[in-house]
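Chemist: The structure file data.cif (mmCIF, C-alpha atoms) is provided below.
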```cif
data_protein
#
loop_
_atom_site.group_PDB
_atom_site.id
_atom_site.type_symbol
_atom_site.label_atom_id
_atom_site.label_comp_id
_atom_site.auth_asym_id
_atom_site.auth_seq_id
_atom_site.Cartn_x
_atom_site.Cartn_y
_atom_site.Cartn_z
ATOM 1 C CA MET A 1 44.805 97.297 147.760
ATOM 2 C CA ARG A 2 46.561 99.139 144.918
ATOM 3 C CA VAL A 3 44.194 100.339 142.225
ATOM 4 C CA GLY A 4 45.732 101.740 139.047
ATOM 5 C CA VAL A 5 44.160 104.473 136.925
ATOM 6 C CA ILE A 6 45.486 104.693 133.376
ATOM 7 C CA THR A 7 46.027 108.136 131.903
ATOM 8 C CA PHE A 8 45.761 108.303 128.122
ATOM 9 C CA PRO A 9 46.417 111.453 126.087
ATOM 10 C CA GLY A 10 43.069 113.225 126.458
ATOM 11 C CA SER A 11 41.899 111.499 129.642
ATOM 12 C CA LEU A 12 39.867 113.941 131.755
ATOM 13 C CA ASP A 13 38.670 112.126 134.823
ATOM 14 C CA ASP A 14 41.788 110.235 135.850
ATOM 15 C CA ARG A 15 42.374 112.535 138.838
ATOM 16 C CA ASP A 16 38.769 112.147 140.009
ATOM 17 C CA ALA A 17 39.076 108.363 139.724
ATOM 18 C CA LEU A 18 42.313 108.397 141.769
ATOM 19 C CA ARG A 19 40.579 110.504 144.416
ATOM 20 C CA ALA A 20 37.555 108.187 144.465
ATOM 21 C CA ILE A 21 39.825 105.200 145.113
ATOM 22 C CA LYS A 22 41.489 107.080 147.971
ATOM 23 C CA LEU A 23 38.148 108.106 149.485
ATOM 24 C CA ALA A 24 37.002 104.488 149.302
ATOM 25 C CA GLY A 25 40.087 103.450 151.289
ATOM 26 C CA GLY A 26 42.351 102.121 148.530
ATOM 27 C CA ASP A 27 45.832 103.081 147.378
ATOM 28 C CA PRO A 28 45.529 104.869 144.042
ATOM 29 C CA VAL A 29 48.346 104.376 141.523
ATOM 30 C CA SER A 30 48.804 106.468 138.366
ATOM 31 C CA LEU A 31 49.534 104.411 135.272
ATOM 32 C CA TRP A 32 50.603 105.734 131.870
ATOM 33 C CA HIS A 33 49.253 104.540 128.517
ATOM 34 C CA GLY A 34 52.772 104.182 127.074
ATOM 35 C CA ASP A 35 53.913 101.731 129.761
ATOM 36 C CA HIS A 36 54.070 98.032 129.079
ATOM 37 C CA ASP A 37 53.421 96.778 132.608
ATOM 38 C CA LEU A 38 50.901 97.391 135.343
ATOM 39 C CA HIS A 39 53.349 98.161 138.195
ATOM 40 C CA GLY A 40 51.903 95.447 140.394
ATOM 41 C CA VAL A 41 48.415 96.928 140.844
ATOM 42 C CA ASP A 42 45.551 94.723 142.018
ATOM 43 C CA ALA A 43 42.816 96.395 139.961
ATOM 44 C CA ILE A 44 42.528 98.904 137.127
ATOM 45 C CA VAL A 45 40.254 101.811 136.267
ATOM 46 C CA LEU A 46 40.072 103.199 132.723
ATOM 47 C CA PRO A 47 38.876 106.779 133.246
ATOM 48 C CA GLY A 48 36.587 109.052 131.270
ATOM 49 C CA GLY A 49 37.674 111.679 128.803
ATOM 50 C CA PHE A 50 38.475 111.921 125.133
ATOM 51 C CA SER A 51 41.500 109.678 124.659
ATOM 52 C CA TYR A 52 43.359 110.542 121.452
ATOM 53 C CA GLY A 53 40.749 113.198 120.737
ATOM 54 C CA ASP A 54 38.143 110.491 120.025
ATOM 55 C CA TYR A 55 39.922 110.083 116.669
ATOM 56 C CA LEU A 56 39.053 107.001 114.595
ATOM 57 C CA ARG A 57 36.341 105.935 117.072
ATOM 58 C CA CYS A 58 35.889 106.708 120.780
ATOM 59 C CA GLY A 59 38.322 104.497 122.693
ATOM 60 C CA ALA A 60 39.627 102.766 119.556
ATOM 61 C CA ILE A 61 43.183 104.084 119.635
ATOM 62 C CA ALA A 62 43.369 103.753 123.428
ATOM 63 C CA ALA A 63 42.345 100.098 123.037
ATOM 64 C CA HIS A 64 45.496 99.546 120.969
ATOM 65 C CA SER A 65 47.872 101.592 123.163
ATOM 66 C CA PRO A 66 50.943 99.843 124.658
ATOM 67 C CA ILE A 67 49.543 99.285 128.176
ATOM 68 C CA MET A 68 46.313 97.733 126.926
ATOM 69 C CA SER A 69 47.824 94.365 125.997
ATOM 70 C CA ALA A 70 48.843 94.013 129.664
ATOM 71 C CA VAL A 71 45.332 95.107 130.720
ATOM 72 C CA VAL A 72 43.664 92.580 128.416
ATOM 73 C CA ASP A 73 45.953 89.792 129.694
ATOM 74 C CA ALA A 74 45.282 90.717 133.321
ATOM 75 C CA ALA A 75 41.527 91.003 132.733
ATOM 76 C CA ASN A 76 41.464 87.579 131.138
ATOM 77 C CA LYS A 77 43.226 86.226 134.234
ATOM 78 C CA GLY A 78 40.581 87.764 136.499
ATOM 79 C CA MET A 79 41.971 91.155 137.511
ATOM 80 C CA PRO A 80 39.198 93.650 138.282
ATOM 81 C CA VAL A 81 38.893 96.256 135.512
ATOM 82 C CA LEU A 82 36.402 99.132 135.520
ATOM 83 C CA GLY A 83 35.825 101.324 132.466
ATOM 84 C CA ILE A 84 34.017 104.616 132.956
ATOM 85 C CA CYS A 85 32.599 106.483 129.927
ATOM 86 C CA ASN A 86 35.595 106.683 127.551
ATOM 87 C CA GLY A 87 36.992 103.760 129.556
ATOM 88 C CA PHE A 88 33.816 101.777 128.779
ATOM 89 C CA GLN A 89 34.234 102.648 125.101
ATOM 90 C CA THR A 90 37.850 101.452 125.327
ATOM 91 C CA LEU A 91 36.827 98.133 126.945
ATOM 92 C CA VAL A 92 34.294 97.582 124.164
ATOM 93 C CA GLU A 93 36.903 98.377 121.502
ATOM 94 C CA ALA A 94 39.321 95.975 123.247
ATOM 95 C CA HIS A 95 36.588 93.279 123.077
ATOM 96 C CA LEU A 96 36.589 92.851 126.855
ATOM 97 C CA LEU A 97 32.906 93.819 126.805
ATOM 98 C CA ALA A 98 30.300 93.256 124.102
ATOM 99 C CA GLY A 99 28.534 95.625 121.736
ATOM 100 C CA GLY A 100 29.422 99.121 120.621
ATOM 101 C CA LEU A 101 28.807 102.759 121.541
ATOM 102 C CA ILE A 102 27.684 105.266 118.945
ATOM 103 C CA ARG A 103 26.748 108.929 118.848
ATOM 104 C CA ASN A 104 23.738 109.843 121.001
ATOM 105 C CA ASP A 105 20.532 109.469 118.993
ATOM 106 C CA HIS A 106 19.633 113.146 119.514
ATOM 107 C CA GLY A 107 23.067 114.163 118.192
ATOM 108 C CA THR A 108 24.075 116.376 121.090
ATOM 109 C CA PHE A 109 26.352 116.056 124.091
ATOM 110 C CA ILE A 110 24.389 115.459 127.270
ATOM 111 C CA ARG A 111 25.210 116.127 130.903
ATOM 112 C CA ARG A 112 22.717 115.238 133.621
ATOM 113 C CA ASP A 113 22.441 113.553 136.985
ATOM 114 C CA GLN A 114 21.214 110.164 135.829
ATOM 115 C CA LYS A 115 19.155 107.653 137.728
ATOM 116 C CA LEU A 116 20.256 104.047 137.211
ATOM 117 C CA ARG A 117 19.201 100.644 138.433
ATOM 118 C CA VAL A 118 21.939 98.260 139.532
ATOM 119 C CA GLU A 119 20.945 95.155 137.573
ATOM 120 C CA ASN A 120 23.646 92.780 138.695
ATOM 121 C CA VAL A 121 25.599 92.671 141.947
ATOM 122 C CA ASP A 122 27.628 89.527 141.203
ATOM 123 C CA THR A 123 30.682 91.488 140.107
ATOM 124 C CA VAL A 124 33.699 92.801 141.967
ATOM 125 C CA TRP A 125 32.605 96.370 141.144
ATOM 126 C CA THR A 126 28.921 96.119 142.113
ATOM 127 C CA SER A 127 28.901 93.746 145.101
ATOM 128 C CA GLY A 128 28.539 96.711 147.470
ATOM 129 C CA TYR A 129 25.117 97.556 146.047
ATOM 130 C CA THR A 130 21.889 95.678 146.571
ATOM 131 C CA GLN A 131 20.200 93.967 143.642
ATOM 132 C CA GLY A 132 17.864 96.445 141.945
ATOM 133 C CA GLN A 133 19.185 99.404 143.943
ATOM 134 C CA GLU A 134 18.449 102.764 142.367
ATOM 135 C CA ILE A 135 21.380 105.152 142.293
ATOM 136 C CA THR A 136 22.002 108.613 140.823
ATOM 137 C CA ILE A 137 25.391 109.555 139.373
ATOM 138 C CA PRO A 138 26.443 112.102 136.734
ATOM 139 C CA LEU A 139 26.325 111.246 133.041
ATOM 140 C CA LYS A 140 28.178 113.293 130.429
ATOM 141 C CA ASN A 141 28.844 112.065 126.926
ATOM 142 C CA GLY A 142 28.350 112.612 123.226
ATOM 143 C CA GLU A 143 28.675 109.009 122.128
ATOM 144 C CA GLY A 144 26.958 106.857 124.707
ATOM 145 C CA GLY A 145 24.336 105.058 122.629
ATOM 146 C CA PHE A 146 24.788 101.366 123.358
ATOM 147 C CA ILE A 147 24.120 99.046 120.443
ATOM 148 C CA ALA A 148 24.541 95.373 119.697
ATOM 149 C CA ASP A 149 22.968 92.945 117.245
ATOM 150 C CA ASP A 150 19.843 91.058 118.305
ATOM 151 C CA GLU A 151 21.700 87.868 119.122
ATOM 152 C CA THR A 152 24.279 89.636 121.334
ATOM 153 C CA LEU A 153 21.542 91.620 123.047
ATOM 154 C CA LYS A 154 19.597 88.447 123.768
ATOM 155 C CA GLN A 155 22.721 86.835 125.185
ATOM 156 C CA LEU A 156 23.558 89.859 127.367
ATOM 157 C CA GLU A 157 20.043 89.860 128.801
ATOM 158 C CA GLY A 158 19.817 86.066 129.109
ATOM 159 C CA ASP A 159 23.166 85.716 130.866
ATOM 160 C CA GLY A 160 22.557 88.631 133.241
ATOM 161 C CA LEU A 161 25.436 90.652 131.820
ATOM 162 C CA VAL A 162 23.627 93.999 132.002
ATOM 163 C CA ALA A 163 25.142 95.682 135.059
ATOM 164 C CA PHE A 164 23.311 99.032 134.991
ATOM 165 C CA ARG A 165 20.180 100.295 133.271
ATOM 166 C CA TYR A 166 18.975 103.873 132.749
ATOM 167 C CA LEU A 167 15.841 104.702 134.716
ATOM 168 C CA GLU A 168 13.150 107.279 133.836
ATOM 169 C CA VAL A 169 15.143 108.813 130.962
ATOM 170 C CA ASN A 170 17.071 107.026 128.242
ATOM 171 C CA PRO A 171 19.595 109.808 127.636
ATOM 172 C CA ASN A 172 21.239 108.597 124.433
ATOM 173 C CA GLY A 173 19.136 105.983 122.649
ATOM 174 C CA SER A 174 20.874 102.983 124.218
ATOM 175 C CA LEU A 175 19.184 99.696 123.341
ATOM 176 C CA ASN A 176 17.232 98.159 126.242
ATOM 177 C CA ASP A 177 18.211 101.252 128.301
ATOM 178 C CA ILE A 178 21.624 99.653 128.867
ATOM 179 C CA ALA A 179 23.977 101.963 130.800
ATOM 180 C CA GLY A 180 26.652 99.437 131.736
ATOM 181 C CA LEU A 181 27.789 95.867 131.222
ATOM 182 C CA ARG A 182 29.790 93.176 132.975
ATOM 183 C CA ASN A 183 31.717 90.257 131.528
ATOM 184 C CA ALA A 184 30.792 86.643 132.228
ATOM 185 C CA ARG A 185 33.433 86.284 134.937
ATOM 186 C CA GLY A 186 32.302 89.418 136.762
ATOM 187 C CA ASN A 187 35.717 91.071 136.980
ATOM 188 C CA VAL A 188 35.243 93.516 134.089
ATOM 189 C CA VAL A 189 32.545 96.203 134.293
ATOM 190 C CA GLY A 190 31.984 99.228 132.077
ATOM 191 C CA LEU A 191 29.428 102.015 132.221
ATOM 192 C CA MET A 192 28.797 105.373 130.577
ATOM 193 C CA PRO A 193 27.814 107.364 133.729
ATOM 194 C CA HIS A 194 30.485 108.513 136.167
ATOM 195 C CA PRO A 195 30.594 106.938 139.655
ATOM 196 C CA GLU A 196 33.825 108.838 140.440
ATOM 197 C CA HIS A 197 31.887 112.133 140.338
ATOM 198 C CA ALA A 198 29.573 111.005 143.134
ATOM 199 C CA VAL A 199 31.873 110.000 145.977
ATOM 200 C CA GLU A 200 32.119 113.029 148.237
ATOM 201 C CA PRO A 201 29.388 115.123 149.900
ATOM 202 C CA GLY A 202 29.376 118.619 148.448
ATOM 203 C CA PHE A 203 30.554 117.529 145.009
ATOM 204 C CA GLY A 204 27.963 114.963 143.888
ATOM 205 C CA PRO A 205 24.450 115.066 142.437
ATOM 206 C CA ASP A 206 21.682 116.819 144.361
ATOM 207 C CA THR A 207 19.603 114.634 146.652
ATOM 208 C CA PRO A 208 16.342 115.331 148.492
ATOM 209 C CA ALA A 209 18.475 115.694 151.651
ATOM 210 C CA ALA A 210 20.861 118.370 150.418
ATOM 211 C CA MET A 211 22.382 119.999 147.383
ATOM 212 C CA SER A 212 25.345 118.121 145.834
ATOM 213 C CA SER A 213 25.257 115.514 148.581
ATOM 214 C CA GLY A 214 24.956 112.390 146.407
ATOM 215 C CA THR A 215 27.656 109.761 146.934
ATOM 216 C CA ASP A 216 26.083 106.793 145.150
ATOM 217 C CA GLY A 217 29.257 106.124 143.168
ATOM 218 C CA LEU A 218 31.435 105.381 146.178
ATOM 219 C CA ALA A 219 30.158 101.816 146.626
ATOM 220 C CA MET A 220 31.648 100.867 143.249
ATOM 221 C CA PHE A 221 35.161 101.596 144.493
ATOM 222 C CA GLN A 222 34.445 100.100 147.921
ATOM 223 C CA SER A 223 33.173 96.932 146.219
ATOM 224 C CA VAL A 224 36.486 96.200 144.562
ATOM 225 C CA LEU A 225 38.391 96.856 147.787
ATOM 226 C CA ALA A 226 36.197 94.336 149.572
ATOM 227 C CA ALA A 227 36.642 91.739 146.853
ATOM 228 C CA THR A 228 39.542 89.374 146.934
ATOM 229 C CA VAL A 229 41.351 89.182 143.609
ATOM 230 C CA LEU A 230 39.821 86.350 141.587
ATOM 231 C CA SER A 231 42.237 83.773 140.344
ATOM 232 C CA MET B 1 54.535 106.055 96.515
ATOM 233 C CA PRO B 2 51.406 103.934 96.052
ATOM 234 C CA LYS B 3 48.342 104.482 98.199
ATOM 235 C CA VAL B 4 45.755 102.023 99.400
ATOM 236 C CA ILE B 5 42.259 103.410 99.937
ATOM 237 C CA VAL B 6 40.086 101.893 102.662
ATOM 238 C CA GLU B 7 36.463 102.975 102.991
ATOM 239 C CA VAL B 8 34.383 102.332 106.090
ATOM 240 C CA MET B 9 30.665 103.058 106.541
ATOM 241 C CA PRO B 10 28.369 102.832 109.548
ATOM 242 C CA LYS B 11 26.154 99.775 109.263
ATOM 243 C CA GLU B 12 22.967 100.341 107.240
ATOM 244 C CA VAL B 13 20.734 99.284 110.103
ATOM 245 C CA LEU B 14 22.200 101.793 112.538
ATOM 246 C CA LEU B 15 21.099 105.306 113.133
ATOM 247 C CA ASP B 16 23.728 107.749 111.822
ATOM 248 C CA PRO B 17 22.963 110.958 113.751
ATOM 249 C CA ALA B 18 25.714 112.944 111.993
ATOM 250 C CA GLY B 19 24.397 111.905 108.576
ATOM 251 C CA LYS B 20 20.860 112.714 109.621
ATOM 252 C CA ALA B 21 21.798 116.220 110.788
ATOM 253 C CA THR B 22 23.686 116.796 107.531
ATOM 254 C CA ALA B 23 20.715 115.576 105.490
ATOM 255 C CA ARG B 24 18.473 118.073 107.276
ATOM 256 C CA ALA B 25 20.934 120.863 106.430
ATOM 257 C CA LEU B 26 21.101 119.823 102.755
ATOM 258 C CA GLN B 27 17.337 119.727 102.574
ATOM 259 C CA ARG B 28 17.320 123.476 103.093
ATOM 260 C CA PHE B 29 18.796 123.699 99.576
ATOM 261 C CA GLY B 30 17.228 122.341 96.410
ATOM 262 C CA ASP B 31 13.719 121.078 95.877
ATOM 263 C CA GLY B 32 13.621 118.145 98.225
ATOM 264 C CA GLU B 33 15.520 115.706 95.998
ATOM 265 C CA ILE B 34 17.912 114.864 98.840
ATOM 266 C CA THR B 35 16.301 112.400 101.188
ATOM 267 C CA ASP B 36 19.177 110.952 103.200
ATOM 268 C CA VAL B 37 22.891 111.293 103.940
ATOM 269 C CA ARG B 38 25.168 108.778 105.591
ATOM 270 C CA ILE B 39 28.703 109.698 106.620
ATOM 271 C CA GLY B 40 31.556 107.237 106.455
ATOM 272 C CA LYS B 41 35.329 107.354 106.507
ATOM 273 C CA ARG B 42 37.993 107.117 103.829
ATOM 274 C CA PHE B 43 41.551 106.186 104.812
ATOM 275 C CA GLU B 44 44.418 106.877 102.390
ATOM 276 C CA ILE B 45 47.327 104.670 103.389
ATOM 277 C CA THR B 46 50.711 105.443 101.842
ATOM 278 C CA ILE B 47 52.913 102.455 101.154
ATOM 279 C CA ASP B 48 56.695 102.384 100.996
ATOM 280 C CA GLY B 49 57.349 99.943 98.158
ATOM 281 C CA GLU B 50 55.155 97.660 96.156
ATOM 282 C CA VAL B 51 51.596 96.733 97.060
ATOM 283 C CA THR B 52 51.889 92.971 97.198
ATOM 284 C CA PRO B 53 49.015 90.531 97.778
ATOM 285 C CA LYS B 54 50.579 89.852 101.205
ATOM 286 C CA LEU B 55 50.515 93.553 102.073
ATOM 287 C CA LEU B 56 46.915 93.857 100.911
ATOM 288 C CA GLU B 57 46.061 90.945 103.153
ATOM 289 C CA HIS B 58 47.731 92.769 106.048
ATOM 290 C CA ILE B 59 45.763 95.956 105.277
ATOM 291 C CA ASN B 60 42.633 93.856 105.084
ATOM 292 C CA GLU B 61 43.343 92.666 108.622
ATOM 293 C CA VAL B 62 44.043 96.091 110.117
ATOM 294 C CA ALA B 63 41.008 97.495 108.295
ATOM 295 C CA LYS B 64 38.899 94.871 110.034
ATOM 296 C CA ASP B 65 40.604 95.038 113.449
ATOM 297 C CA VAL B 66 41.584 98.698 113.834
ATOM 298 C CA LEU B 67 40.155 100.994 111.161
ATOM 299 C CA SER B 68 36.635 99.659 111.670
ATOM 300 C CA ASN B 69 34.580 98.150 114.466
ATOM 301 C CA ASP B 70 32.463 95.361 113.028
ATOM 302 C CA VAL B 71 29.780 95.902 115.649
ATOM 303 C CA ILE B 72 28.936 99.307 114.199
ATOM 304 C CA GLU B 73 30.716 99.571 110.850
ATOM 305 C CA ASP B 74 31.451 97.734 107.598
ATOM 306 C CA VAL B 75 34.622 97.934 105.533
ATOM 307 C CA ILE B 76 33.085 98.498 102.109
ATOM 308 C CA SER B 77 36.167 98.700 99.930
ATOM 309 C CA ILE B 78 39.918 98.273 99.906
ATOM 310 C CA ARG B 79 41.712 99.214 96.696
ATOM 311 C CA VAL B 80 44.964 100.559 95.347
ATOM 312 C CA ALA B 81 44.644 104.193 94.225
ATOM 313 C CA ASP B 82 45.170 104.901 90.528
#
```
As structure tokens - that is how I would like this structure written.
Modeler:
Amino acid sequence: MRVGVITFPGSLDDRDALRAIKLAGGDPVSLWHGDHDLHGVDAIVLPGGFSYGDYLRCGAIAAHSPIMSAVVDAANKGMPVLGICNGFQTLVEAHLLAGGLIRNDHGTFIRRDQKLRVENVDTVWTSGYTQGQEITIPLKNGEGGFIADDETLKQLEGDGLVAFRYLEVNPNGSLNDIAGLRNARGNVVGLMPHPEHAVEPGFGPDTPAAMSSGTDGLAMFQSVLAATVLS
Amino acid sequence: MPKVIVEVMPKEVLLDPAGKATARALQRFGDGEITDVRIGKRFEITIDGEVTPKLLEHINEVAKDVLSNDVIEDVISIRVAD
């Protein structure tokens, strides 16, 4: 399965995402924001970083970059799309996911190994987890506070569209401790924490077993490889 | 060349951490008259030609779709600069 990772000007974690796909057993493909087609990939990852310097709003200019109209079309036809951190912000700005992300309530950038609960496994990116599974992956952002109006929030909760929730610590003031969302179809998922930084022993979060041994993010990339492309 | 000014503010109901931090800094001056600061954005858009009603309508659209995100912000004014 060919999984594309789009590099925008200012993307940081595109290389890590490509490596995560490879470690999960997929064929990673580099895509460029200025392209107009998706080079025949079967799934897409929008990586973390600071696309376009976070100018205008985080992810806003990326959401209007040339390749994104192809991404939106493909997502609406069922192609798996994962947005990580800045990629999540871009998916929200592209209206593929609901709500908005604003500056952390404490006003500072935060980096920590963050415990999450997998709230929904009926998506192509979370099917490799068990319902309610607790995972720890790195979080690092300045504008990760999830917000939505009451009606949207009620709908997200009622329809089971919350994919991940922060556990123990709410690191940025996100409403309802929301760390990640899915769309109704289950092919689009976005989250602020970084699964691609927890895929390889020696380079992940600490675990009780050993330092830097956490690989809880790997299942996200394995999930999409196991999924058949929805039509 | 004429300019169109678009102003965007974070929604009233939302926390504005940047405004809050700035308010705290301003409160170190003066006698406590300053109670709050909210930070928005002002876009100055230069136009080649005349600002027609059709063009203003177009700017209205991009202000809504690109310059602001209606989940977190409001476009509070669009006007032609003097």
Chemist: Care to translate the PyMOL selection byres ((chain B) within 8 of (chain A)) into actual residues of this file, as a PyMOL selection string?
Modeler: chain B and resi 15-18+21+66-67+69+71-72
Chemist: Please measure the separation of CA of His58 (chain B) and CA of Glu44 (chain B), giving the value in Å to one decimal.
Modeler: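 Taking CA of His58 (chain B) as the start and CA of Glu44 (chain B) as the end point, the length is 14.9 Å.
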Chemist: So which residues touch Leu55 (chain B) within 12 Å, counting all atoms listed in the file, skipping near sequence neighbours fewer than 5 positions away, as a list of chain:residue names?
Modeler: B:Lys3, B:Val4, B:Ile45, B:Thr46, B:Ile47, B:Asp48, B:Gly49, B:Glu50, B:Asn60, B:Glu61, B:Val62, B:Ile78, B:Arg79, B:Val80
Chemist: Include C-alpha atoms and write out the residues we just selected as a PDB file, keeping the file's coordinate frame.
Modeler:
```pdb
ATOM      1  CA  LYS B   3      48.342 104.482  98.199  1.00  0.00           C
ATOM      2  CA  VAL B   4      45.755 102.023  99.400  1.00  0.00           C
ATOM      3  CA  ILE B  45      47.327 104.670 103.389  1.00  0.00           C
ATOM      4  CA  THR B  46      50.711 105.443 101.842  1.00  0.00           C
ATOM      5  CA  ILE B  47      52.913 102.455 101.154  1.00  0.00           C
ATOM      6  CA  ASP B  48      56.695 102.384 100.996  1.00  0.00           C
ATOM      7  CA  GLY B  49      57.349  99.943  98.158  1.00  0.00           C
ATOM      8  CA  GLU B  50      55.155  97.660  96.156  1.00  0.00           C
ATOM      9  CA  ASN B  60      42.633  93.856 105.084  1.00  0.00           C
ATOM     10  CA  GLU B  61      43.343  92.666 108.622  1.00  0.00           C
ATOM     11  CA  VAL B  62      44.043  96.091 110.117  1.00  0.00           C
ATOM     12  CA  ILE B  78      39.918  98.273  99.906  1.00  0.00           C
ATOM     13  CA  ARG B  79      41.712  99.214  96.696  1.00  0.00           C
ATOM     14  CA  VAL B  80      44.964 100.559  95.347  1.00  0.00           C
TER      15      VAL B  80
END
```
Chemist: Can you list, as a PyMOL selection string, every protein, DNA or RNA residue that comes within 12 Å of Leu218 (chain A) when you count all atoms listed in the file, leaving out same-chain residues fewer than 4 positions away?
Modeler: chain A and resi 16-17+19-26+125-129+135-137+194-201+204+214+222-225
Chemist: Please determine an axis-aligned box that encloses all atoms of region 76-90 of chain A listed in the file, with 5 Å added on each side, and express its centre and edge lengths in Å to one decimal as lines of an AutoDock Vina configuration file.
Modeler:
```
center_x = 37.9
center_y = 96.5
center_z = 131.7
size_x = 20.6
size_y = 30.5
size_z = 23.2
```
Chemist: Starting from the displayed file, determine the output of the PyMOL selection byres ((chain A and resi 187) around 12) and express the residue list as a PyMOL selection string.
Modeler: chain A and resi 42-45+72+74-83+96-97+121-127+161+163+181-186+188-190+223-224+227-231
Chemist: Using all atoms listed in the file for the distances, tell me which of A:Ile178, A:Leu156, A:Ala219, A:Leu139 is nearest to Pro205 (chain A).
Modeler: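 Closest candidate: A:Leu139.
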Chemist: Using CA of Lys20 (chain B) and CA of Ile76 (chain B) as the two end points, give the distance in Å to one decimal.
Modeler: 20.2 Å
Chemist: In Å, rounded to a single decimal, give me how far CA of Trp32 (chain A) is from CA of Pro9 (chain A).
Modeler: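 It comes out at 9.1 Å.
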Chemist: Taking the file as shown, what set of residues would the PyMOL selection byres ((chain B and resi 37) around 9) give back, as a list in words?
Modeler: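 For this structure, the PyMOL selection byres ((chain B and resi 37) around 9) resolves to Asp16, Ala18, Gly19, Lys20, Ala21, Thr22, Ala23, Arg24, Leu26, Ile34, Thr35, Asp36, Arg38 and Ile39 of chain B.
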Chemist: Using all atoms listed in the file, find the one residue out of B:Asp82, B:Asp31, B:Asp74, B:Glu57 that sits nearest to Val13 (chain B).
Modeler: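 Closest to Val13 (chain B), using all atoms listed in the file: B:Asp74.
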Chemist: Quick one: everything within 9 Å of Gly4 (chain A), counting only C-alpha atoms, minus sequence neighbours fewer than 4 positions away in the same chain. Send it as an MDAnalysis selection string.
Modeler: chainID A and resid 18 27:31 38:46
Chemist: Counting all atoms listed in the file, write as a list in words all protein and nucleic acid residues lying at most 8 Å from (18.1, 114.0, 139.7) in the file's frame.
Modeler: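 Protein, DNA and RNA residues close to (18.1, 114.0, 139.7): Arg112, Asp113, Gln114, Lys115, Thr136, Pro205, Asp206 and Thr207 of chain A.
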Chemist: Write region 202-213 of chain A as a PDB file, keeping the file's coordinate frame, completed to N, CA, C and O atoms.
Modeler:
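Full text of result-v3.pdb as output:
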```pdb
ATOM      1  N   GLY A 202      29.016 117.271 148.859  1.00  0.00           N
ATOM      2  CA  GLY A 202      29.376 118.619 148.448  1.00  0.00           C
ATOM      3  C   GLY A 202      29.771 118.703 146.984  1.00  0.00           C
ATOM      4  O   GLY A 202      29.814 119.782 146.402  1.00  0.00           O
ATOM      5  N   PHE A 203      30.076 117.539 146.397  1.00  0.00           N
ATOM      6  CA  PHE A 203      30.554 117.529 145.009  1.00  0.00           C
ATOM      7  C   PHE A 203      29.804 116.523 144.138  1.00  0.00           C
ATOM      8  O   PHE A 203      30.239 116.231 143.027  1.00  0.00           O
ATOM      9  N   GLY A 204      28.706 115.976 144.641  1.00  0.00           N
ATOM     10  CA  GLY A 204      27.963 114.963 143.888  1.00  0.00           C
ATOM     11  C   GLY A 204      26.648 115.513 143.377  1.00  0.00           C
ATOM     12  O   GLY A 204      26.414 116.728 143.411  1.00  0.00           O
ATOM     13  N   PRO A 205      25.782 114.636 142.875  1.00  0.00           N
ATOM     14  CA  PRO A 205      24.450 115.066 142.437  1.00  0.00           C
ATOM     15  C   PRO A 205      23.611 115.560 143.616  1.00  0.00           C
ATOM     16  O   PRO A 205      23.873 115.184 144.763  1.00  0.00           O
ATOM     17  N   ASP A 206      22.625 116.386 143.324  1.00  0.00           N
ATOM     18  CA  ASP A 206      21.682 116.819 144.361  1.00  0.00           C
ATOM     19  C   ASP A 206      20.869 115.622 144.850  1.00  0.00           C
ATOM     20  O   ASP A 206      20.587 114.709 144.083  1.00  0.00           O
ATOM     21  N   THR A 207      20.520 115.643 146.113  1.00  0.00           N
ATOM     22  CA  THR A 207      19.603 114.634 146.652  1.00  0.00           C
ATOM     23  C   THR A 207      18.499 115.373 147.388  1.00  0.00           C
ATOM     24  O   THR A 207      18.628 116.575 147.660  1.00  0.00           O
ATOM     25  N   PRO A 208      17.401 114.663 147.725  1.00  0.00           N
ATOM     26  CA  PRO A 208      16.342 115.331 148.492  1.00  0.00           C
ATOM     27  C   PRO A 208      16.888 115.897 149.814  1.00  0.00           C
ATOM     28  O   PRO A 208      16.393 116.892 150.329  1.00  0.00           O
ATOM     29  N   ALA A 209      17.932 115.262 150.354  1.00  0.00           N
ATOM     30  CA  ALA A 209      18.475 115.694 151.651  1.00  0.00           C
ATOM     31  C   ALA A 209      19.211 117.017 151.548  1.00  0.00           C
ATOM     32  O   ALA A 209      19.003 117.914 152.367  1.00  0.00           O
ATOM     33  N   ALA A 210      20.068 117.148 150.538  1.00  0.00           N
ATOM     34  CA  ALA A 210      20.861 118.370 150.418  1.00  0.00           C
ATOM     35  C   ALA A 210      21.464 118.492 149.027  1.00  0.00           C
ATOM     36  O   ALA A 210      21.659 117.494 148.329  1.00  0.00           O
ATOM     37  N   MET A 211      21.771 119.733 148.671  1.00  0.00           N
ATOM     38  CA  MET A 211      22.382 119.999 147.383  1.00  0.00           C
ATOM     39  C   MET A 211      23.750 119.307 147.277  1.00  0.00           C
ATOM     40  O   MET A 211      24.530 119.314 148.220  1.00  0.00           O
ATOM     41  N   SER A 212      24.028 118.716 146.141  1.00  0.00           N
ATOM     42  CA  SER A 212      25.345 118.121 145.834  1.00  0.00           C
ATOM     43  C   SER A 212      25.806 117.067 146.841  1.00  0.00           C
ATOM     44  O   SER A 212      27.005 116.846 147.002  1.00  0.00           O
ATOM     45  N   SER A 213      24.855 116.434 147.510  1.00  0.00           N
ATOM     46  CA  SER A 213      25.257 115.514 148.581  1.00  0.00           C
ATOM     47  C   SER A 213      25.328 114.051 148.144  1.00  0.00           C
ATOM     48  O   SER A 213      25.650 113.175 148.939  1.00  0.00           O
TER      49      SER A 213
END
```
